[in-house]
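> I am sharing query_7.csv, which consists of CSV, C-alpha atoms and all ligand atoms:
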chain,number,residue,atom,x,y,z
A,130,MET,CA,71.9,72.6,100.5
A,131,SER,CA,74.6,74.8,99.0
A,132,SER,CA,73.5,78.0,97.4
A,133,GLY,CA,74.8,77.0,94.0
A,134,GLU,CA,72.7,73.9,93.9
A,135,ARG,CA,69.7,74.1,91.7
A,136,LYS,CA,66.5,73.0,93.4
A,137,ASN,CA,64.2,70.7,91.5
A,138,PRO,CA,60.5,71.6,91.3
A,139,GLY,CA,58.6,70.5,94.4
A,140,GLY,CA,61.8,69.2,96.1
A,141,GLN,CA,61.9,66.3,93.8
A,142,ARG,CA,65.0,64.2,93.3
A,143,LYS,CA,66.8,63.4,90.1
A,144,ALA,CA,67.6,59.8,89.4
A,145,VAL,CA,69.8,57.6,87.2
A,146,PHE,CA,67.7,54.5,86.3
A,147,LEU,CA,70.0,51.6,85.6
A,148,ASP,CA,69.2,48.5,83.7
A,149,ARG,CA,71.0,45.6,85.4
A,150,ASP,CA,72.4,42.9,83.0
A,151,GLY,CA,74.9,44.5,80.6
A,152,VAL,CA,75.1,47.8,82.6
A,153,ILE,CA,75.8,46.8,86.2
A,154,ASN,CA,76.8,43.2,85.8
A,155,LYS,CA,78.1,41.1,82.9
A,156,LYS,CA,75.3,39.7,80.8
A,157,LEU,CA,75.0,36.0,80.3
A,158,PRO,CA,74.5,34.5,76.9
A,159,GLU,CA,71.1,34.8,75.3
A,160,ASP,CA,68.4,32.8,77.2
A,161,GLN,CA,70.5,32.4,80.3
A,162,TYR,CA,69.7,34.2,83.5
A,163,VAL,CA,71.8,35.2,86.5
A,164,SER,CA,70.1,33.0,89.1
A,165,ARG,CA,72.8,32.6,91.7
A,166,PRO,CA,75.1,35.2,93.3
A,167,ALA,CA,78.2,33.3,91.9
A,168,GLU,CA,76.9,34.2,88.4
A,169,PHE,CA,76.7,37.9,89.2
A,170,GLU,CA,79.9,39.6,88.0
A,171,LEU,CA,80.2,43.4,88.2
A,172,LEU,CA,81.3,45.2,85.1
A,173,PRO,CA,84.5,47.3,85.4
A,174,GLU,CA,84.2,50.7,87.2
A,175,VAL,CA,80.5,50.4,87.9
A,176,LEU,CA,81.0,51.2,91.6
A,177,GLU,CA,83.2,54.2,90.7
A,178,ALA,CA,80.5,55.4,88.4
A,179,VAL,CA,77.8,55.1,91.0
A,180,GLY,CA,80.0,57.0,93.4
A,181,ILE,CA,80.0,59.9,91.0
A,182,PHE,CA,76.2,59.7,90.5
A,183,HIS,CA,75.9,59.9,94.3
A,184,ASN,CA,78.2,62.9,94.5
A,185,LEU,CA,76.1,64.7,91.8
A,186,GLY,CA,73.0,64.1,93.9
A,187,PHE,CA,71.3,61.4,91.8
A,188,ALA,CA,69.2,58.7,93.3
A,189,ILE,CA,70.1,55.2,92.0
A,190,VAL,CA,67.2,53.1,90.8
A,191,VAL,CA,67.7,49.6,89.2
A,192,VAL,CA,65.0,48.6,86.7
A,193,THR,CA,65.4,45.1,85.3
A,194,ASN,CA,63.4,42.6,83.2
A,195,GLN,CA,63.8,39.1,84.6
A,196,ARG,CA,61.5,36.9,82.6
A,197,GLY,CA,63.6,33.9,83.6
A,198,ILE,CA,61.0,33.7,86.4
A,199,ALA,CA,58.0,33.5,84.1
A,200,ARG,CA,59.9,30.9,82.1
A,201,GLY,CA,60.5,28.8,85.1
A,202,MET,CA,64.3,29.1,84.9
A,203,MET,CA,64.6,30.7,88.3
A,204,THR,CA,62.5,31.4,91.3
A,205,PHE,CA,61.7,34.7,93.1
A,206,ASP,CA,63.9,33.4,95.9
A,207,ASP,CA,66.8,32.9,93.4
A,208,LEU,CA,66.4,36.5,92.2
A,209,ASP,CA,66.2,37.9,95.7
A,210,ALA,CA,69.4,36.1,96.6
A,211,VAL,CA,71.2,37.7,93.6
A,212,HIS,CA,69.8,41.1,94.4
A,213,LYS,CA,70.8,40.8,98.1
A,214,PHE,CA,74.3,40.0,96.9
A,215,MET,CA,74.3,43.0,94.5
A,216,LYS,CA,73.2,45.3,97.3
A,217,THR,CA,76.0,43.9,99.5
A,218,LEU,CA,78.6,44.7,96.9
A,219,PHE,CA,77.3,48.3,96.7
A,220,LYS,CA,77.1,48.7,100.5
A,221,ASP,CA,80.6,47.4,101.0
A,222,ALA,CA,81.8,50.1,98.6
A,223,GLY,CA,79.9,52.8,100.6
A,224,LEU,CA,77.2,53.1,98.0
A,225,ARG,CA,73.5,52.6,98.0
A,226,ILE,CA,70.7,51.5,95.7
A,227,ASP,CA,67.7,53.7,96.4
A,228,GLY,CA,65.2,51.6,94.5
A,229,LEU,CA,65.1,48.2,92.8
A,230,TYR,CA,62.3,47.1,90.5
A,231,TYR,CA,62.1,44.0,88.4
A,232,CYS,CA,59.6,42.6,86.0
A,233,PRO,CA,59.2,38.8,86.4
A,234,HIS,CA,56.7,38.5,83.5
A,235,ASP,CA,57.2,37.1,80.0
A,236,LYS,CA,56.8,39.1,76.8
A,237,THR,CA,53.4,37.4,76.2
A,238,ASP,CA,52.0,38.6,79.6
A,239,TYR,CA,51.7,42.1,78.2
A,240,CYS,CA,52.3,43.6,81.6
A,241,TYR,CA,52.9,47.3,82.2
A,242,CYS,CA,56.3,46.7,83.9
A,243,ARG,CA,58.3,44.9,81.3
A,244,LYS,CA,60.5,47.3,79.4
A,245,PRO,CA,59.9,48.9,76.9
A,246,SER,CA,56.9,49.8,78.9
A,247,PRO,CA,57.6,52.6,81.4
A,248,GLY,CA,55.9,51.0,84.4
A,249,MET,CA,58.9,50.4,86.6
A,250,ILE,CA,60.3,53.9,86.0
A,251,LEU,CA,56.9,55.5,86.6
A,252,GLU,CA,56.3,53.5,89.8
A,253,ALA,CA,59.8,54.4,91.1
A,254,ALA,CA,59.2,58.0,90.3
A,255,LYS,CA,56.0,58.0,92.4
A,256,ASP,CA,57.6,56.0,95.3
A,257,LEU,CA,60.8,58.1,95.5
A,258,ASN,CA,59.4,61.5,94.4
A,259,ILE,CA,61.6,61.6,91.3
A,260,ASP,CA,61.6,64.4,88.7
A,261,LEU,CA,61.6,62.6,85.4
A,262,ASN,CA,62.7,65.6,83.5
A,263,SER,CA,66.1,65.7,85.2
A,264,SER,CA,66.6,61.9,85.2
A,265,PHE,CA,68.2,59.4,82.9
A,266,MET,CA,67.5,55.8,81.9
A,267,VAL,CA,70.7,53.9,81.2
A,268,GLY,CA,70.6,50.6,79.4
A,269,ASP,CA,72.3,48.4,76.8
A,270,SER,CA,69.3,47.5,74.7
A,271,GLU,CA,66.7,49.1,72.5
A,272,SER,CA,63.9,48.2,75.0
A,273,ASP,CA,65.7,50.3,77.6
A,274,MET,CA,65.9,53.2,75.3
A,275,LYS,CA,62.2,52.9,74.5
A,276,ALA,CA,61.3,52.5,78.2
A,277,GLY,CA,63.2,55.7,78.9
A,278,ARG,CA,61.4,57.6,76.1
A,279,ASN,CA,58.0,56.2,77.1
A,280,ALA,CA,58.6,57.4,80.7
A,281,GLY,CA,59.8,60.8,79.6
A,282,VAL,CA,63.4,60.5,80.8
A,283,ARG,CA,66.5,61.0,78.7
A,284,SER,CA,67.9,57.7,77.4
A,285,VAL,CA,71.5,56.6,77.6
A,286,LEU,CA,72.9,53.6,75.7
A,287,ILE,CA,75.9,51.8,77.0
A,288,SER,CA,77.5,50.2,73.9
A,289,PRO,CA,80.8,49.7,72.0
A,290,LEU,CA,78.9,50.0,68.8
A,291,PRO,CA,78.0,53.2,66.9
A,292,ASP,CA,74.3,52.3,66.5
A,293,PRO,CA,72.5,54.6,69.0
A,294,MET,CA,69.2,52.5,68.9
A,295,GLY,CA,67.3,55.7,69.3
A,296,ALA,CA,69.2,56.8,72.5
A,297,ASP,CA,69.7,60.4,73.4
A,298,LEU,CA,73.3,59.7,74.4
A,299,VAL,CA,75.7,56.8,73.8
A,300,PHE,CA,78.8,55.8,75.9
A,301,ARG,CA,81.1,52.9,76.0
A,302,SER,CA,80.7,52.4,79.7
A,303,LEU,CA,78.7,53.5,82.7
A,304,PHE,CA,81.8,55.2,84.0
A,305,ALA,CA,82.2,57.2,80.8
A,306,PHE,CA,78.6,58.5,81.2
A,307,ALA,CA,79.3,59.4,84.9
A,308,GLU,CA,82.4,61.3,83.8
A,309,PHE,CA,80.3,63.1,81.2
A,310,LEU,CA,77.8,64.2,83.8
A,311,GLN,CA,80.5,65.3,86.2
A,312,ASP,CA,82.2,67.4,83.5
A,313,ARG,CA,78.9,69.0,82.6
A,314,GLN,CA,78.4,70.2,86.2
A,315,PRO,CA,79.0,73.9,86.8
A,316,THR,CA,82.2,73.8,88.7
A,317,ARG,CA,83.0,75.9,91.8
A,318,LYS,CA,85.7,77.5,89.8
A,319,ASN,CA,83.1,78.9,87.4
A,320,ASN,CA,80.9,80.0,90.3
A,321,LEU,CA,83.6,81.7,92.3
A,322,GLY,CA,85.6,83.6,89.8
A,323,LYS,CA,85.0,84.3,86.2
A,324,ARG,CA,88.4,85.4,85.0
A,325,LYS,CA,88.3,88.3,82.6
A,326,GLY,CA,90.8,88.7,79.9
B,1,MG,MG,70.5,44.8,79.7
B,2,ZN,ZN,56.0,42.8,84.2
The structure given in the file should be rewritten as structure tokens.
Ligand SMILES: [Mg+2]
Ligand SMILES: [Zn+2]

Amino acid sequence: MSSGERKNPGGQRKAVFLDRDGVINKKLPEDQYVSRPAEFELLPEVLEAVGIFHNLGFAIVVVTNQRGIARGMMTFDDLDAVHKFMKTLFKDAGLRIDGLYYCPHDKTDYCYCRKPSPGMILEAAKDLNIDLNSSFMVGDSESDMKAGRNAGVRSVLISPLPDPMGADLVFRSLFAFAEFLQDRQPTRKNNLGKRKG
């Protein structure tokens, strides 16, 4: 670890929690579910954004509601095939997904995992020793923002619209958020030489 790097309490990691549909891959029309790899289409510059998150030391955790399973519109095997494909796309780009959590339940199941509940985020935090205070939940819907708030992480909305839906931060794309984090980092230039006058 370089001397300039701030250490998190208890050696915990910081994470970027990513919603899947509408953040990583193109969302299908309402009531349709990505149930085959052929339907999984990465959004522009997602891999570049994840590369920046890696460089900044963030773990990458995907947290996704997939009630198409509860509704009988896809099987667990279908979803696993899609996720295997997604992981391959990341791996081929030299990237990794540190954790992947999904909720297969329906709204009426009142489970603890379906966003806006914080269940998936809290479970990942426990599994991966994540410091929630230095982490972000990135999504494209209000339930993502609420899940982030319920879990105690900062919420980041990816949206072309001005309505922040209660988010702490709003960006047009995942890449724009990654650039924001990168720019916010104390640079080596700042550490090495503060120019006077
Ligand atoms: Mg979404
Ligand atoms: Zn659930």
> Of the candidates A:Asp160, A:Glu308, A:Glu252, A:Asp207, which one gets nearest to Val179 (chain A) if we count only C-alpha atoms?
A:Glu308
> Nearest residue to Leu257 (chain A) out of A:Gly186, A:Pro293, A:Gly228, A:Gly140, using all atoms listed in the file?
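So, comparing all the options, the nearest one is A:Gly228.
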> Dump as a short mmCIF file (atom, residue, chain, number, x, y, z; two decimals) with C-alpha atoms, in the coordinates of the input all residues having an atom at most 12 Å from (80.7, 54.3, 83.7), computed in the file's coordinates with all atoms listed in the file.

data_model
loop_
_atom_site.label_atom_id
_atom_site.label_comp_id
_atom_site.auth_asym_id
_atom_site.auth_seq_id
_atom_site.Cartn_x
_atom_site.Cartn_y
_atom_site.Cartn_z
CA VAL A 145 69.80 57.60 87.20
CA LEU A 147 70.00 51.60 85.60
CA GLY A 151 74.90 44.50 80.60
CA VAL A 152 75.10 47.80 82.60
CA ILE A 153 75.80 46.80 86.20
CA ASN A 154 76.80 43.20 85.80
CA LEU A 171 80.20 43.40 88.20
CA LEU A 172 81.30 45.20 85.10
CA PRO A 173 84.50 47.30 85.40
CA GLU A 174 84.20 50.70 87.20
CA VAL A 175 80.50 50.40 87.90
CA LEU A 176 81.00 51.20 91.60
CA GLU A 177 83.20 54.20 90.70
CA ALA A 178 80.50 55.40 88.40
CA VAL A 179 77.80 55.10 91.00
CA GLY A 180 80.00 57.00 93.40
CA ILE A 181 80.00 59.90 91.00
CA PHE A 182 76.20 59.70 90.50
CA VAL A 267 70.70 53.90 81.20
CA GLY A 268 70.60 50.60 79.40
CA VAL A 285 71.50 56.60 77.60
CA LEU A 286 72.90 53.60 75.70
CA ILE A 287 75.90 51.80 77.00
CA SER A 288 77.50 50.20 73.90
CA VAL A 299 75.70 56.80 73.80
CA PHE A 300 78.80 55.80 75.90
CA ARG A 301 81.10 52.90 76.00
CA SER A 302 80.70 52.40 79.70
CA LEU A 303 78.70 53.50 82.70
CA PHE A 304 81.80 55.20 84.00
CA ALA A 305 82.20 57.20 80.80
CA PHE A 306 78.60 58.50 81.20
CA ALA A 307 79.30 59.40 84.90
CA GLU A 308 82.40 61.30 83.80
CA PHE A 309 80.30 63.10 81.20
CA LEU A 310 77.80 64.20 83.80
CA GLN A 311 80.50 65.30 86.20
#
> Of the candidates A:Met202, A:Ile189, A:Met294, A:Ala254, which one gets nearest to Gln161 (chain A) if we count all atoms listed in the file?
A:Met202
> Which residues of chain A have any atom within 9 Å of an atom in ligand ZN 2 (chain B) when counting only C-alpha atoms and all ligand atoms, and what is the closest pair of atoms for each, with the distance in Å to one decimal? Order the rows by chain and rising number and write it as CSV.

residue,atom,partner,partner_atom,distance
A:Asn194,CA,B:ZN2,ZN,7.5
A:Gln195,CA,B:ZN2,ZN,8.6
A:Arg196,CA,B:ZN2,ZN,8.2
A:Tyr231,CA,B:ZN2,ZN,7.5
A:Cys232,CA,B:ZN2,ZN,4.0
A:Pro233,CA,B:ZN2,ZN,5.6
A:His234,CA,B:ZN2,ZN,4.4
A:Asp235,CA,B:ZN2,ZN,7.2
A:Lys236,CA,B:ZN2,ZN,8.3
A:Asp238,CA,B:ZN2,ZN,7.4
A:Tyr239,CA,B:ZN2,ZN,7.4
A:Cys240,CA,B:ZN2,ZN,4.6
A:Tyr241,CA,B:ZN2,ZN,5.8
A:Cys242,CA,B:ZN2,ZN,3.9
A:Arg243,CA,B:ZN2,ZN,4.3
A:Lys244,CA,B:ZN2,ZN,8.0
A:Ser246,CA,B:ZN2,ZN,8.8
A:Gly248,CA,B:ZN2,ZN,8.2
A:Met249,CA,B:ZN2,ZN,8.5
> Which chain A residues have any atom within 8 Å of an atom of ligand MG 1 (chain B), and for each, what is the nearest pair of atoms with distance in Å to one decimal, counting all atoms listed in the file, rows sorted by chain and number, as JSON lines?

{"residue": "A:Asp148", "atom": "CA", "partner": "B:MG1", "partner_atom": "MG", "distance": 5.6}
{"residue": "A:Arg149", "atom": "CA", "partner": "B:MG1", "partner_atom": "MG", "distance": 5.8}
{"residue": "A:Asp150", "atom": "CA", "partner": "B:MG1", "partner_atom": "MG", "distance": 4.3}
{"residue": "A:Gly151", "atom": "CA", "partner": "B:MG1", "partner_atom": "MG", "distance": 4.5}
{"residue": "A:Val152", "atom": "CA", "partner": "B:MG1", "partner_atom": "MG", "distance": 6.2}
{"residue": "A:Lys156", "atom": "CA", "partner": "B:MG1", "partner_atom": "MG", "distance": 7.1}
{"residue": "A:Thr193", "atom": "CA", "partner": "B:MG1", "partner_atom": "MG", "distance": 7.6}
{"residue": "A:Gly268", "atom": "CA", "partner": "B:MG1", "partner_atom": "MG", "distance": 5.8}
{"residue": "A:Asp269", "atom": "CA", "partner": "B:MG1", "partner_atom": "MG", "distance": 5.0}
{"residue": "A:Ser270", "atom": "CA", "partner": "B:MG1", "partner_atom": "MG", "distance": 5.8}
{"residue": "A:Asp273", "atom": "CA", "partner": "B:MG1", "partner_atom": "MG", "distance": 7.6}
> When you look at Met203 (chain A) with a cut-off of 8 Å (counting all atoms listed in the file), what residues show up, excluding the ones that are within fewer than 5 positions of it in the same chain? I need them as a ChimeraX atom specification.
/A:162,164,197-198,208
> So what do you get for CA of Phe169 (chain A) versus CA of Pro289 (chain A), distance-wise?
21.3 Å
> Do you have the CA of Ala253 (chain A)-CA of Asp292 (chain A) distance handy?
28.6 Å
> Report, in Å with one decimal, the straight-line distance from CA of Asn262 (chain A) to CA of Leu224 (chain A).
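Distance between the two atoms: 24.0 Å.
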> Mind checking which residues fall within 10 Å of Ser263 (chain A), counting only C-alpha atoms, ignoring those fewer than 6 positions away in the same chain, and posting them as a PyMOL selection string?
chain A and resi 137+141-145+187+281-283
> Write the selection just made, keeping C-alpha atoms, as a compact mmCIF listing (two decimals), in the frame of the given file?

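Done, and the output landed in part-v9.txt:
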# COMPACT_ATOMS: atom_id res chain seq x y z
CA ASN A 137 64.20 70.70 91.50
CA GLN A 141 61.90 66.30 93.80
CA ARG A 142 65.00 64.20 93.30
CA LYS A 143 66.80 63.40 90.10
CA ALA A 144 67.60 59.80 89.40
CA VAL A 145 69.80 57.60 87.20
CA PHE A 187 71.30 61.40 91.80
CA GLY A 281 59.80 60.80 79.60
CA VAL A 282 63.40 60.50 80.80
CA ARG A 283 66.50 61.00 78.70
> Fewer than 3 positions away in the same chain doesn't count, so skip those; otherwise give me all residues within 10 Å of Val211 (chain A), counting all atoms listed in the file, as JSON, numbers by chain.
{"A": [163, 164, 165, 166, 167, 168, 169, 205, 206, 207, 208, 214, 215, 216, 217]}
> Atoms are missing here; could region 283-312 of chain A be completed with N, CA and C atoms and written as an mmCIF file, in the coordinates of the input?

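Result went into rebuild.cif, see below:
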data_model
loop_
_atom_site.group_PDB
_atom_site.id
_atom_site.type_symbol
_atom_site.label_atom_id
_atom_site.label_comp_id
_atom_site.auth_asym_id
_atom_site.auth_seq_id
_atom_site.Cartn_x
_atom_site.Cartn_y
_atom_site.Cartn_z
ATOM 1 N N ARG A 283 65.559 61.061 79.744
ATOM 2 C CA ARG A 283 66.500 61.000 78.700
ATOM 3 C C ARG A 283 67.138 59.555 78.673
ATOM 4 N N SER A 284 67.397 59.036 77.481
ATOM 5 C CA SER A 284 67.900 57.700 77.400
ATOM 6 C C SER A 284 69.382 57.640 77.065
ATOM 7 N N VAL A 285 70.085 56.745 77.734
ATOM 8 C CA VAL A 285 71.500 56.600 77.600
ATOM 9 C C VAL A 285 71.887 55.192 77.272
ATOM 10 N N LEU A 286 72.521 54.988 76.122
ATOM 11 C CA LEU A 286 72.900 53.600 75.700
ATOM 12 C C LEU A 286 74.353 53.360 76.068
ATOM 13 N N ILE A 287 74.576 52.209 76.704
ATOM 14 C CA ILE A 287 75.900 51.800 77.000
ATOM 15 C C ILE A 287 76.268 50.725 75.891
ATOM 16 N N SER A 288 77.176 51.066 74.996
ATOM 17 C CA SER A 288 77.500 50.200 73.900
ATOM 18 C C SER A 288 78.801 50.497 73.243
ATOM 19 N N PRO A 289 79.511 49.476 72.778
ATOM 20 C CA PRO A 289 80.800 49.700 72.000
ATOM 21 C C PRO A 289 80.471 50.017 70.572
ATOM 22 N N LEU A 290 79.232 49.836 70.166
ATOM 23 C CA LEU A 290 78.900 50.000 68.800
ATOM 24 C C LEU A 290 78.329 51.391 68.483
ATOM 25 N N PRO A 291 78.448 51.844 67.221
ATOM 26 C CA PRO A 291 78.000 53.200 66.900
ATOM 27 C C PRO A 291 76.461 53.339 66.844
ATOM 28 N N ASP A 292 75.729 52.222 66.610
ATOM 29 C CA ASP A 292 74.300 52.300 66.500
ATOM 30 C C ASP A 292 73.631 52.811 67.766
ATOM 31 N N PRO A 293 73.038 53.998 67.724
ATOM 32 C CA PRO A 293 72.500 54.600 69.000
ATOM 33 C C PRO A 293 71.151 53.967 69.389
ATOM 34 N N MET A 294 70.523 53.152 68.572
ATOM 35 C CA MET A 294 69.200 52.500 68.900
ATOM 36 C C MET A 294 68.235 53.520 69.451
ATOM 37 N N GLY A 295 68.278 54.711 68.923
ATOM 38 C CA GLY A 295 67.300 55.700 69.300
ATOM 39 C C GLY A 295 67.620 56.407 70.657
ATOM 40 N N ALA A 296 68.831 56.178 71.177
ATOM 41 C CA ALA A 296 69.200 56.800 72.500
ATOM 42 C C ALA A 296 69.515 58.274 72.295
ATOM 43 N N ASP A 297 69.339 59.027 73.367
ATOM 44 C CA ASP A 297 69.700 60.400 73.400
ATOM 45 C C ASP A 297 71.244 60.571 73.461
ATOM 46 N N LEU A 298 71.867 59.667 74.200
ATOM 47 C CA LEU A 298 73.300 59.700 74.400
ATOM 48 C C LEU A 298 73.863 58.279 74.334
ATOM 49 N N VAL A 299 75.097 58.133 73.873
ATOM 50 C CA VAL A 299 75.700 56.800 73.800
ATOM 51 C C VAL A 299 77.126 56.883 74.423
ATOM 52 N N PHE A 300 77.424 55.927 75.301
ATOM 53 C CA PHE A 300 78.800 55.800 75.900
ATOM 54 C C PHE A 300 79.232 54.411 75.891
ATOM 55 N N ARG A 301 80.555 54.251 75.980
ATOM 56 C CA ARG A 301 81.100 52.900 76.000
ATOM 57 C C ARG A 301 80.978 52.193 77.302
ATOM 58 N N SER A 302 80.829 52.969 78.362
ATOM 59 C CA SER A 302 80.700 52.400 79.700
ATOM 60 C C SER A 302 79.890 53.259 80.593
ATOM 61 N N LEU A 303 79.425 52.693 81.695
ATOM 62 C CA LEU A 303 78.700 53.500 82.700
ATOM 63 C C LEU A 303 79.588 54.582 83.251
ATOM 64 N N PHE A 304 80.846 54.231 83.440
ATOM 65 C CA PHE A 304 81.800 55.200 84.000
ATOM 66 C C PHE A 304 81.983 56.384 83.040
ATOM 67 N N ALA A 305 82.018 56.116 81.738
ATOM 68 C CA ALA A 305 82.200 57.200 80.800
ATOM 69 C C ALA A 305 80.966 58.156 80.854
ATOM 70 N N PHE A 306 79.782 57.610 81.060
ATOM 71 C CA PHE A 306 78.600 58.500 81.200
ATOM 72 C C PHE A 306 78.700 59.279 82.521
ATOM 73 N N ALA A 307 79.170 58.635 83.585
ATOM 74 C CA ALA A 307 79.300 59.400 84.900
ATOM 75 C C ALA A 307 80.295 60.522 84.712
ATOM 76 N N GLU A 308 81.393 60.270 84.017
ATOM 77 C CA GLU A 308 82.400 61.300 83.800
ATOM 78 C C GLU A 308 81.776 62.480 82.981
ATOM 79 N N PHE A 309 80.954 62.108 82.011
ATOM 80 C CA PHE A 309 80.300 63.100 81.200
ATOM 81 C C PHE A 309 79.410 64.023 82.071
ATOM 82 N N LEU A 310 78.633 63.407 82.956
ATOM 83 C CA LEU A 310 77.800 64.200 83.800
ATOM 84 C C LEU A 310 78.594 65.088 84.772
ATOM 85 N N GLN A 311 79.684 64.520 85.248
ATOM 86 C CA GLN A 311 80.500 65.300 86.200
ATOM 87 C C GLN A 311 81.148 66.489 85.455
ATOM 88 N N ASP A 312 81.619 66.283 84.248
ATOM 89 C CA ASP A 312 82.200 67.400 83.500
ATOM 90 C C ASP A 312 81.233 68.461 83.145
#
